[in-house]
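Worksheet: one structure, shown below.
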Amino acid sequence: MESNIEELKSTGLKATAPRLKILEIFQTSEQRHLTAEDIYRVLLAENSDIGLATVYRVLTQFEQAGILNRNHFEVGRAVYELRDDQHHDHLVCLDCGHVEEFFNPEIEKQQHAVAKAKGFEIADHALSLYAHCTKVKCPYRDAAATPPAPAAGR
């Protein structure tokens with residue numbers, strides 16, 4: 001908890017209860033890629049009084065402060081992940097939206113070779129592969145089918 005307070009302060013953000021809670025959710029979640037709705041569902045399950053508008057506001061603040069990266073894997077749906085210094089690419093399921101991270105040195109090497117052959121030098125890149133899940137019993141497909149709980153009075 002103390003390190004989270006320091007992390008927020010070091011980015012210029014005040015350590016408010018909603019910010020600390022949302023940061024904790026990212027740090028403890030089994031899923032690395034979360035939407036605002038995913039965060040809100042966790043908060044509802046914990047009977048938190050943090051509203052969806054606050055979740056969106058905190059995610060934007062975290063992105064601006066460099067704590068989170070935002071990706072748009074699907075039209076109109078932002079997915080957030082804790083920022084780290086390890087480069088990785090993404091494999092996105094078109095059926096349920098689940099995101100898998102991967103790193104493949106051969107793919108990285110090929111991208112640089114293609115850029116060089118075309119007269120470019122890569123400064124940065126993001127690779128996202130979109131695919132349909134072929135798993136017979138995909139746990140993420142079942143979770144995506146479950147509608148979010150209604151926001152009573154929020």
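Residue names in the structure tokens use chain letters A, B, ... in the order shown, residue numbers from 1 in each chain, and ligand numbers from 1 in the order shown.
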Inset, instruction - Find the residues near region 34-39 of chain A: any atom within 8 Å, counting only C-alpha atoms, skip ones fewer than 5 places away on the same chain, and give them as a VMD selection string. - result: chain A and resid 22 25 to 26 52 55 to 56 59 77 to 81 148
Inset, instruction - Tell me, as a PyMOL selection string, which residues lie within 8 Å of Tyr130 (chain A), counting only C-alpha atoms; anything in the same chain fewer than 2 positions away does not count. - result: chain A and resi 91-94+128+132
Saved selection, atoms kept: C-alpha atoms, as a short mmCIF file (atom, residue, chain, number, x, y, z; two decimals), in the first residue's frame:
```cif
data_model
loop_
_atom_site.label_atom_id
_atom_site.label_comp_id
_atom_site.auth_asym_id
_atom_site.auth_seq_id
_atom_site.Cartn_x
_atom_site.Cartn_y
_atom_site.Cartn_z
CA LEU A 91 -3.12 -11.69 -29.75
CA VAL A 92 -6.77 -10.59 -29.51
CA CYS A 93 -9.72 -13.00 -29.58
CA LEU A 94 -12.47 -11.76 -31.90
CA SER A 128 -1.82 -6.90 -32.62
CA HIS A 132 -10.88 -16.57 -33.48
#
```
Legend entry - Sel. of helix (DSSP H, G or I) residues, chain A, as a PyMOL selection string: chain A and resi 2-10+17-28+36-45+52-65+105-117+139-145
Legend entry - Atomic separation - CA of Gly66 (chain A) relative to CA of Pro105 (chain A), Å: 26.0 Å
Taking 3 positions as the minimum chain separation for residues in the same chain, which residues sit within 9 Å of Ile122 (chain A) when counting only C-alpha atoms? Answer as a short mmCIF file (atom, residue, chain, number, x, y, z; two decimals) with C-alpha atoms, in the first residue's frame.
```cif
data_model
loop_
_atom_site.label_atom_id
_atom_site.label_comp_id
_atom_site.auth_asym_id
_atom_site.auth_seq_id
_atom_site.Cartn_x
_atom_site.Cartn_y
_atom_site.Cartn_z
CA GLN A 111 9.92 -6.62 -38.78
CA HIS A 112 13.30 -4.91 -38.64
CA ALA A 115 11.71 -2.00 -42.49
CA LYS A 116 15.37 -1.95 -43.48
CA HIS A 125 5.82 -0.50 -33.07
#
```
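Proximity of A:Asn71, A:Asn47, A:Gln110, A:Ser10 to Ala126 (chain A), computed with only C-alpha atoms, is greatest for A:Asn71.
Closest approach to Lys14 (chain A) from the set A:Ile50, A:Val42, A:Ala113, A:Val58 is made by A:Val58, with distances taken over only C-alpha atoms.
In this model, the gap between CA of Leu20 (chain A) and CA of Asn4 (chain A) comes to 6.8 Å.
DSSP, applied to the backbone of this structure, assigns strand (DSSP E) to the following residues of chain A: A:Leu68, A:Asn69, A:Arg70, A:Asn71, A:His72, A:Phe73, A:Glu74, A:Arg77, A:Ala78, A:Val79, A:Tyr80, A:Glu81, A:Leu82, A:Asp89, A:His90, A:Leu91, A:Val92, A:Cys93, A:Val99, A:Glu100, A:Glu101, A:Phe102, A:Ser128, A:Leu129, A:Tyr130, A:Ala131.
Candidate residues A:Gln31, A:Leu43, A:Glu121, A:Asp95 were compared for distance to Lys135 (chain A), and the nearest is A:Asp95, using only C-alpha atoms.
CA of Ser3 (chain A) is positioned 28.8 Å from CA of His90 (chain A).
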Inset, instruction - Excluding Ile67 (chain A) and residues on its chain fewer than 5 positions from it, collect all residues at most 8 Å away from it, counting only C-alpha atoms, and give them as a PyMOL selection string. - result: chain A and resi 62+82-83
